[in-house]
>>> print(open('my_file-v7.cif').read())   # mmCIF, C-alpha atoms
data_work
loop_
_atom_site.label_atom_id
_atom_site.label_comp_id
_atom_site.auth_asym_id
_atom_site.auth_seq_id
_atom_site.Cartn_x
_atom_site.Cartn_y
_atom_site.Cartn_z
CA MET A 106 -0.03 -3.90 28.84
CA LEU A 107 -0.12 -2.09 25.51
CA VAL A 108 -1.17 1.52 25.12
CA GLN A 109 -2.19 2.72 21.68
CA MET A 110 -0.23 5.78 20.57
CA ASN A 111 -0.70 8.33 17.81
CA VAL A 112 2.04 10.26 16.06
CA ARG A 113 1.49 13.84 17.14
CA GLY A 114 4.33 15.46 15.31
CA LEU A 115 7.99 15.83 14.56
CA LEU A 116 10.35 18.27 16.24
CA PHE A 117 13.91 19.19 15.39
CA ASP A 118 16.40 18.78 18.23
CA PRO A 119 19.29 21.16 17.47
CA TYR A 120 21.45 19.81 20.35
CA ASN A 121 21.62 16.34 18.87
CA ASN A 122 21.07 17.37 15.24
CA ALA A 123 18.26 14.84 15.21
CA TYR A 124 14.50 14.77 15.06
CA ILE A 125 12.04 13.81 17.76
CA VAL A 126 8.87 11.91 16.94
CA ILE A 127 6.19 12.68 19.52
CA LEU A 128 3.82 9.82 20.29
CA ARG A 129 0.81 10.42 22.53
CA ASP A 130 -1.97 8.19 23.75
CA GLU A 131 -5.65 8.91 23.04
CA GLU A 132 -6.23 10.71 26.36
CA ASN A 133 -3.03 12.73 26.02
CA ALA A 134 -2.01 11.35 29.40
CA GLU A 135 1.16 9.69 28.13
CA MET A 136 3.81 11.10 25.87
CA LEU A 137 6.71 9.25 24.29
CA PRO A 138 9.41 11.29 22.53
CA ILE A 139 11.65 9.18 20.27
CA TRP A 140 14.86 10.50 18.73
CA VAL A 141 15.26 9.50 15.09
CA GLY A 142 17.68 10.26 12.25
CA LYS A 143 17.03 12.67 9.41
CA ALA A 144 16.15 10.02 6.81
CA GLU A 145 13.69 8.29 9.15
CA ALA A 146 12.16 11.63 10.14
CA SER A 147 11.56 12.49 6.50
CA ALA A 148 10.06 9.02 5.91
CA ILE A 149 7.65 9.63 8.80
CA SER A 150 6.86 13.19 7.74
CA PHE A 151 6.03 12.13 4.15
CA ALA A 152 3.54 9.61 5.52
CA LEU A 153 2.03 12.09 8.01
CA GLU A 154 1.55 14.72 5.34
CA ARG A 155 0.42 12.12 2.82
CA ILE A 156 3.03 13.25 0.32
CA ALA A 157 3.59 10.73 -2.45
CA PRO A 158 7.20 11.17 -3.59
CA PRO A 159 7.95 10.80 -7.33
CA ARG A 160 9.96 7.64 -6.62
CA PRO A 161 9.25 5.14 -3.82
CA MET A 162 11.22 5.83 -0.64
CA THR A 163 12.72 2.96 1.39
CA HIS A 164 9.61 2.48 3.54
CA ASP A 165 7.36 2.64 0.47
CA LEU A 166 9.46 -0.23 -0.87
CA MET A 167 8.88 -2.16 2.36
CA LYS A 168 5.14 -1.69 1.93
CA ALA A 169 5.33 -2.69 -1.75
CA ILE A 170 7.25 -5.86 -0.85
CA LEU A 171 4.75 -6.81 1.87
CA ASP A 172 1.78 -5.98 -0.41
CA SER A 173 3.24 -8.06 -3.25
CA ILE A 174 3.20 -11.23 -1.13
CA ASP A 175 -0.02 -10.36 0.74
CA ALA A 176 1.69 -9.93 4.09
CA LYS A 177 -0.22 -7.59 6.39
CA VAL A 178 1.21 -5.27 9.04
CA ILE A 179 -0.85 -5.91 12.19
CA SER A 180 0.85 -3.39 14.45
CA ALA A 181 4.03 -1.63 15.46
CA VAL A 182 4.95 -1.91 19.14
CA VAL A 183 7.58 0.13 20.99
CA THR A 184 8.70 -2.61 23.36
CA ASP A 185 11.69 -1.48 25.38
CA LEU A 186 13.96 1.35 26.35
CA LYS A 187 17.56 0.62 27.31
CA GLU A 188 20.20 3.30 27.76
CA ASN A 189 18.25 5.80 25.69
CA THR A 190 17.74 3.32 22.85
CA TYR A 191 14.20 2.32 22.03
CA PHE A 192 13.35 -1.12 20.69
CA ALA A 193 10.31 -1.98 18.61
CA LYS A 194 8.64 -4.88 16.89
CA ILE A 195 6.66 -4.97 13.68
CA HIS A 196 3.93 -7.61 13.84
CA LEU A 197 3.15 -9.20 10.48
CA LEU A 198 0.47 -11.59 9.35
CA TYR A 199 1.55 -13.84 6.47
CA GLY A 200 -0.45 -16.87 5.50
CA ASP A 201 -1.88 -18.10 8.80
CA SER A 202 1.15 -17.16 10.84
CA GLU A 203 2.11 -14.12 12.82
CA PHE A 204 5.67 -12.84 12.88
CA ALA A 205 7.29 -10.28 15.18
CA VAL A 206 10.24 -8.59 13.50
CA ASP A 207 12.80 -6.65 15.56
CA SER A 208 13.13 -3.06 14.35
CA ARG A 209 14.01 0.45 15.36
CA PRO A 210 10.91 2.43 16.40
CA SER A 211 11.53 4.89 13.54
CA ASP A 212 11.21 2.14 10.92
CA ALA A 213 8.27 0.56 12.73
CA ILE A 214 6.43 3.90 12.84
CA ALA A 215 7.25 4.73 9.20
CA VAL A 216 5.88 1.33 8.11
CA ALA A 217 2.80 1.53 10.39
CA LEU A 218 1.82 4.96 9.05
CA ARG A 219 1.99 3.70 5.46
CA THR A 220 -0.01 0.57 6.14
CA GLU A 221 -2.47 2.28 8.52
CA ALA A 222 -1.51 -0.15 11.24
CA PRO A 223 -1.91 0.86 14.89
CA ILE A 224 1.12 1.90 16.95
CA PHE A 225 1.44 0.75 20.55
CA ALA A 226 3.87 1.25 23.42
CA THR A 227 4.22 -1.09 26.33
CA SER A 228 3.34 0.45 29.69
CA GLU A 229 6.88 -0.46 30.87
CA VAL A 230 8.37 1.78 28.19
CA LEU A 231 6.04 4.62 29.12
CA HIS A 232 7.11 4.35 32.76
CA LYS A 233 10.79 4.02 31.97
CA GLN A 234 10.89 6.96 29.61
CA SER A 235 9.57 9.41 32.18
CA SER A 236 12.72 8.94 34.27
CA GLU A 237 15.30 8.22 31.55
CA GLU A 238 14.10 10.98 29.27
CA LEU A 239 14.25 13.59 32.01
CA GLU A 240 17.90 12.73 32.57
CA ARG A 241 18.55 13.07 28.88
CA TRP A 242 16.94 16.48 28.71
CA LEU A 243 18.97 17.63 31.71
CA GLU A 244 22.21 16.37 30.16
CA ASN A 245 21.51 18.30 27.01
CA LEU A 246 20.73 21.55 28.70
CA LYS A 247 23.33 24.23 28.37
CA PRO A 248 23.87 27.05 30.89
CA GLU A 249 22.26 29.57 28.53
CA ASP A 250 19.06 27.51 28.48
CA PHE A 251 18.42 28.42 32.08
CA GLY A 252 17.89 32.02 31.16
CA LYS A 253 19.76 35.12 32.11
CA PHE A 254 20.26 35.96 35.73
CA GLU A 255 21.17 39.39 36.89
CA THR A 256 24.36 39.20 38.88
CA MET B 83 14.48 -3.92 -28.79
CA GLU B 84 16.50 -7.11 -28.30
CA ARG B 85 19.31 -5.23 -26.68
CA GLU B 86 17.03 -3.76 -24.01
CA HIS B 87 16.63 -7.21 -22.55
CA HIS B 88 20.34 -7.89 -22.49
CA LEU B 89 21.44 -7.72 -18.85
CA ILE B 90 24.98 -7.04 -17.69
CA PRO B 91 25.98 -8.13 -14.17
CA LEU B 92 27.57 -5.39 -12.08
CA LYS B 93 29.37 -5.30 -8.75
CA VAL B 94 29.47 -2.45 -6.27
CA HIS B 95 32.96 -1.07 -6.57
CA GLY B 96 32.59 1.49 -3.81
CA VAL B 97 30.68 4.41 -2.39
CA LEU B 98 32.12 7.90 -2.64
CA VAL B 99 31.07 10.90 -0.65
CA ASP B 100 30.39 13.90 -2.84
CA PRO B 101 31.48 16.74 -0.58
CA ASN B 102 29.69 19.37 -2.64
CA THR B 103 26.21 18.01 -2.29
CA ASP B 104 24.25 16.12 0.30
CA THR B 105 24.71 12.97 -1.76
CA GLN B 106 26.96 9.99 -2.22
CA ILE B 107 27.98 8.18 -5.39
CA VAL B 108 27.67 4.42 -5.72
CA VAL B 109 30.14 3.20 -8.32
CA LEU B 110 29.13 0.00 -10.09
CA ARG B 111 31.48 -1.92 -12.39
CA ASP B 112 31.22 -4.97 -14.57
CA ASP B 113 33.55 -7.97 -14.17
CA GLY B 114 35.86 -6.88 -16.94
CA ASN B 115 36.09 -3.35 -15.52
CA THR B 116 35.14 -1.98 -18.92
CA GLU B 117 31.87 -0.45 -17.81
CA VAL B 118 31.44 1.99 -14.94
CA LEU B 119 28.06 3.18 -13.75
CA PRO B 120 28.02 5.96 -11.15
CA ILE B 121 24.71 6.50 -9.39
CA TRP B 122 24.00 9.42 -7.09
CA VAL B 123 22.16 8.40 -3.96
CA GLY B 124 21.07 10.07 -0.72
CA THR B 125 23.30 10.09 2.36
CA ALA B 126 21.19 7.53 4.23
CA GLU B 127 21.14 5.09 1.30
CA GLY B 128 24.86 5.58 0.56
CA THR B 129 25.75 4.98 4.21
CA SER B 130 23.54 1.91 4.28
CA ILE B 131 25.29 0.46 1.20
CA ARG B 132 28.72 1.21 2.65
CA LEU B 133 27.96 -0.43 6.00
CA ALA B 134 26.86 -3.61 4.25
CA LEU B 135 29.90 -3.61 1.94
CA GLU B 136 32.26 -3.24 4.88
CA GLY B 137 30.42 -5.97 6.76
CA ILE B 138 29.61 -3.63 9.65
CA VAL B 139 26.65 -4.81 11.68
CA PRO B 140 25.11 -1.79 13.42
CA PRO B 141 23.80 -2.26 16.99
CA ARG B 142 20.23 -1.78 15.77
CA PRO B 143 18.92 -2.87 12.35
CA MET B 144 19.00 -0.17 9.67
CA SER B 145 16.03 0.21 7.31
CA HIS B 146 17.50 -2.14 4.70
CA ASP B 147 18.39 -4.69 7.38
CA LEU B 148 14.69 -4.66 8.22
CA ILE B 149 13.90 -5.67 4.63
CA THR B 150 16.26 -8.65 4.94
CA SER B 151 14.60 -9.48 8.30
CA PHE B 152 11.25 -9.52 6.52
CA ALA B 153 12.75 -11.94 3.97
CA GLN B 154 14.15 -14.22 6.69
CA HIS B 155 10.94 -14.25 8.73
CA LEU B 156 8.49 -14.59 5.85
CA GLY B 157 10.68 -16.87 3.77
CA PHE B 158 10.98 -14.95 0.53
CA THR B 159 14.18 -14.59 -1.47
CA VAL B 160 15.50 -11.54 -3.29
CA THR B 161 16.62 -13.22 -6.51
CA LYS B 162 18.08 -10.22 -8.33
CA VAL B 163 17.86 -6.48 -8.79
CA ILE B 164 17.97 -4.77 -12.18
CA ILE B 165 18.69 -1.15 -13.02
CA THR B 166 16.24 -0.86 -15.85
CA GLU B 167 16.01 2.68 -17.07
CA VAL B 168 17.42 6.18 -16.93
CA LYS B 169 15.21 9.17 -17.64
CA GLU B 170 16.36 12.75 -17.10
CA ASN B 171 19.21 11.61 -14.87
CA THR B 172 16.89 9.52 -12.70
CA TYR B 173 17.62 5.82 -12.61
CA TYR B 174 14.87 3.25 -12.21
CA ALA B 175 15.25 -0.22 -10.80
CA VAL B 176 13.26 -3.32 -10.00
CA LEU B 177 13.68 -5.87 -7.26
CA HIS B 178 12.81 -9.49 -8.07
CA LEU B 179 11.66 -11.65 -5.21
CA THR B 180 10.41 -15.20 -5.00
CA ALA B 181 7.86 -16.28 -2.41
CA ASN B 182 6.36 -19.77 -2.47
CA GLY B 183 7.80 -20.32 -5.94
CA ILE B 184 6.14 -17.25 -7.41
CA GLU B 185 8.23 -14.36 -8.66
CA ARG B 186 7.26 -10.75 -7.99
CA VAL B 187 8.82 -7.68 -9.58
CA ILE B 188 8.79 -4.50 -7.51
CA ASP B 189 9.57 -0.99 -8.70
CA CYS B 190 12.18 0.81 -6.59
CA ARG B 191 15.05 3.25 -6.58
CA PRO B 192 18.48 1.81 -7.51
CA SER B 193 19.83 2.92 -4.11
CA ASP B 194 17.32 0.75 -2.24
CA ALA B 195 17.78 -2.10 -4.72
CA ILE B 196 21.56 -2.05 -4.24
CA ALA B 197 21.32 -1.68 -0.44
CA VAL B 198 19.11 -4.77 -0.33
CA ALA B 199 21.18 -6.75 -2.87
CA VAL B 200 24.48 -6.27 -1.02
CA ARG B 201 22.80 -7.64 2.13
CA THR B 202 21.08 -10.60 0.50
CA LYS B 203 24.08 -11.28 -1.80
CA SER B 204 21.73 -11.06 -4.77
CA PRO B 205 23.11 -10.29 -8.22
CA ILE B 206 22.85 -6.73 -9.55
CA TYR B 207 22.19 -6.23 -13.26
CA VAL B 208 21.90 -3.29 -15.56
CA THR B 209 20.24 -3.23 -18.95
CA ALA B 210 22.47 -2.61 -21.97
CA GLU B 211 20.24 0.34 -22.78
CA VAL B 212 21.04 2.06 -19.47
CA LEU B 213 24.78 1.54 -19.94
CA GLU B 214 24.56 3.06 -23.40
CA ARG B 215 22.52 6.03 -22.31
CA LYS B 216 24.52 6.78 -19.17
CA SER B 217 27.58 7.61 -21.22
CA SER B 218 25.84 10.55 -22.81
CA GLU B 219 23.11 11.46 -20.36
CA HIS B 220 24.89 10.90 -17.10
CA LEU B 221 28.26 12.35 -17.92
CA ASP B 222 26.73 15.83 -17.80
CA ALA B 223 25.43 15.24 -14.30
CA TRP B 224 28.76 13.78 -13.23
CA LEU B 225 30.66 16.79 -14.48
CA ALA B 226 28.14 19.25 -13.12
CA LYS B 227 28.13 17.70 -9.68
CA LEU B 228 31.69 16.58 -9.21
CA ASP B 229 34.13 19.27 -8.28
CA LEU B 230 37.36 18.77 -10.20
CA LYS B 231 39.48 19.15 -7.09
CA HIS B 232 37.92 15.98 -5.70
CA SER B 233 38.37 13.93 -8.84
CA ASP B 234 41.59 12.44 -7.45
CA GLN B 235 39.48 10.62 -4.86
CA SER B 236 37.38 8.90 -7.45
CA GLU B 237 39.35 5.66 -7.18
CA SER B 238 39.39 5.57 -3.39
#
>>> encode(input="my_file-v7.cif", output="structure tokens")
Amino acid sequence: MLVQMNVRGLLFDPYNNAYIVILRDEENAEMLPIWVGKAEASAISFALERIAPPRPMTHDLMKAILDSIDAKVISAVVTDLKENTYFAKIHLLYGDSEFAVDSRPSDAIAVALRTEAPIFATSEVLHKQSSEELERWLENLKPEDFGKFET
Amino acid sequence: MEREHHLIPLKVHGVLVDPNTDTQIVVLRDDGNTEVLPIWVGTAEGTSIRLALEGIVPPRPMSHDLITSFAQHLGFTVTKVIITEVKENTYYAVLHLTANGIERVIDCRPSDAIAVAVRTKSPIYVTAEVLERKSSEHLDAWLAKLDLKHSDQSES
């Protein structure tokens, strides 16, 4: 089952020197945090803030290529989570055929935001992340994060 | 005007890391090694070009790998990329692609054009006009950005 997700924001994760894209469903019942690199985070943030850079960024080029041949982005789907790596697919309509292209979620989200295509997550991913992500948070915690205890 | 349309094929000679700025330098050369065109690119684009040059296949597709995936799935071909212009130290490029026998020309940054071309093994060209102008216009940027103490790495 697919759950439609919205990009709710971008956070900086100082432990991993990476950014976290926060996806949430319409009811705010499900949350999916996805770690992305700096370049991908900036590609997503430009689209969220509707900033048109002076020169096309990489994902603007993707959109320009797809537009030039009349290929349409149907959706971006976060499909799987394995060992803290998320997998995604970009669904394209070209001619009469549909294509599912393997991608990182960061690229899929950056393309979906530019083409106003919906973003989905499979319910399996949403279930998996709740356990795997908790472990990841715990691994990253440092003693000082637990606060000061009087001894 | 005639000379503007004269295209010179270039090869990616290497990617250098500029330790002073958050940028990398893609060095392009012609076959006779008489012309050198250095282009400053962002870290992500420089890394992407280097991975493709070294034949490293990352576990998950990088952004430019996704463009080649689009080409494979949808059946279009990147026929060539051309570095067309330089204005105030900003280079302009176009990507030529053919889909169903029809050619499209798409405006892009040289870094993206090169990152795609090295993956699709498409030829990279520069206009004679850009090569002429880079010698005067770009040398200033090169000197301003490149710390002399790192100049010995420029051939690495």
>>> residues_around(input="my_file-v7.cif", residues="region 177-184 of chain A", least_positions_apart="2", cutoff="9 Å", atoms="only C-alpha atoms", output="PyMOL selection string")
chain A and resi 107+109+168+171-172+175+186+191-199+203+209-210+213-214+216-217+220-230
>>> residues_near_point(input="my_file-v7.cif", point="(30.9, -2.7, -3.3)", cutoff="9 Å", atoms="all atoms listed in the file", output="list in words")
Lys93, Val94, His95, Gly96, Val97, Val108, Val109, Leu110, Ile131, Arg132, Ala134, Leu135, Glu136 and Val200 of chain B
>>> resolve_selection(input="my_file-v7.cif", expression="the PyMOL selection byres ((chain B) within 8 of (chain A))", output="VMD selection string")
chain B and resid 126 142 to 146 148 to 149 151 to 152 155 to 156 181 186 188 to 191 194
>>> closest_residue(input="my_file-v7.cif", among="B:Thr166, B:Thr172, B:Glu211, B:Ser193", to="Gln106 (chain B)", atoms="all atoms listed in the file")
B:Ser193
>>> resolve_selection(input="my_file-v7.cif", expression="the PyMOL selection byres ((chain A and resi 124) around 7)", output="number ranges by chain")
A: 115-118, 123, 125-126, 140-143, 146
>>> residues_near_point(input="my_file-v7.cif", point="(16.3, -5.9, -8.3)", cutoff="7 Å", atoms="all atoms listed in the file", output="list of chain:residue names")
B:Lys162, B:Val163, B:Ile164, B:Ala175, B:Val176, B:Leu177, B:His178, B:Ala195, B:Ile206
>>> resolve_selection(input="my_file-v7.cif", expression="the PyMOL selection byres ((chain B and resi 118) around 12)", output="ChimeraX atom specification")
/B:90-96,107-117,119-121,208,212-214,216-217,220-221,236-237
>>> atom_distance(input="my_file-v7.cif", atom1="CA of Arg215 (chain B)", atom2="CA of Thr202 (chain B)")
28.3 Å
>>> residues_around(input="my_file-v7.cif", residues="Met110 (chain A)", least_positions_apart="2", cutoff="9 Å", atoms="all atoms listed in the file", output="MDAnalysis selection string")
chainID A and resid 108 112:113 128:131 135:137 223:226
>>> atom_distance(input="my_file-v7.cif", atom1="CA of Gly128 (chain B)", atom2="CA of Leu89 (chain B)")
23.8 Å
>>> atom_distance(input="my_file-v7.cif", atom1="CA of Asp147 (chain B)", atom2="CA of Asn171 (chain B)")
27.6 Å
>>> axis_aligned_box(input="my_file-v7.cif", around="region 112-129 of chain A", padding_each_side="5 Å", output="JSON")
{"center_x": 11.2, "center_y": 15.5, "center_z": 18.5, "size_x": 30.8, "size_y": 21.3, "size_z": 18.0}
>>> closest_residue(input="my_file-v7.cif", among="B:His88, B:Tyr174, B:Val160, B:Thr125", to="Asp104 (chain B)", atoms="all atoms listed in the file")
B:Thr125
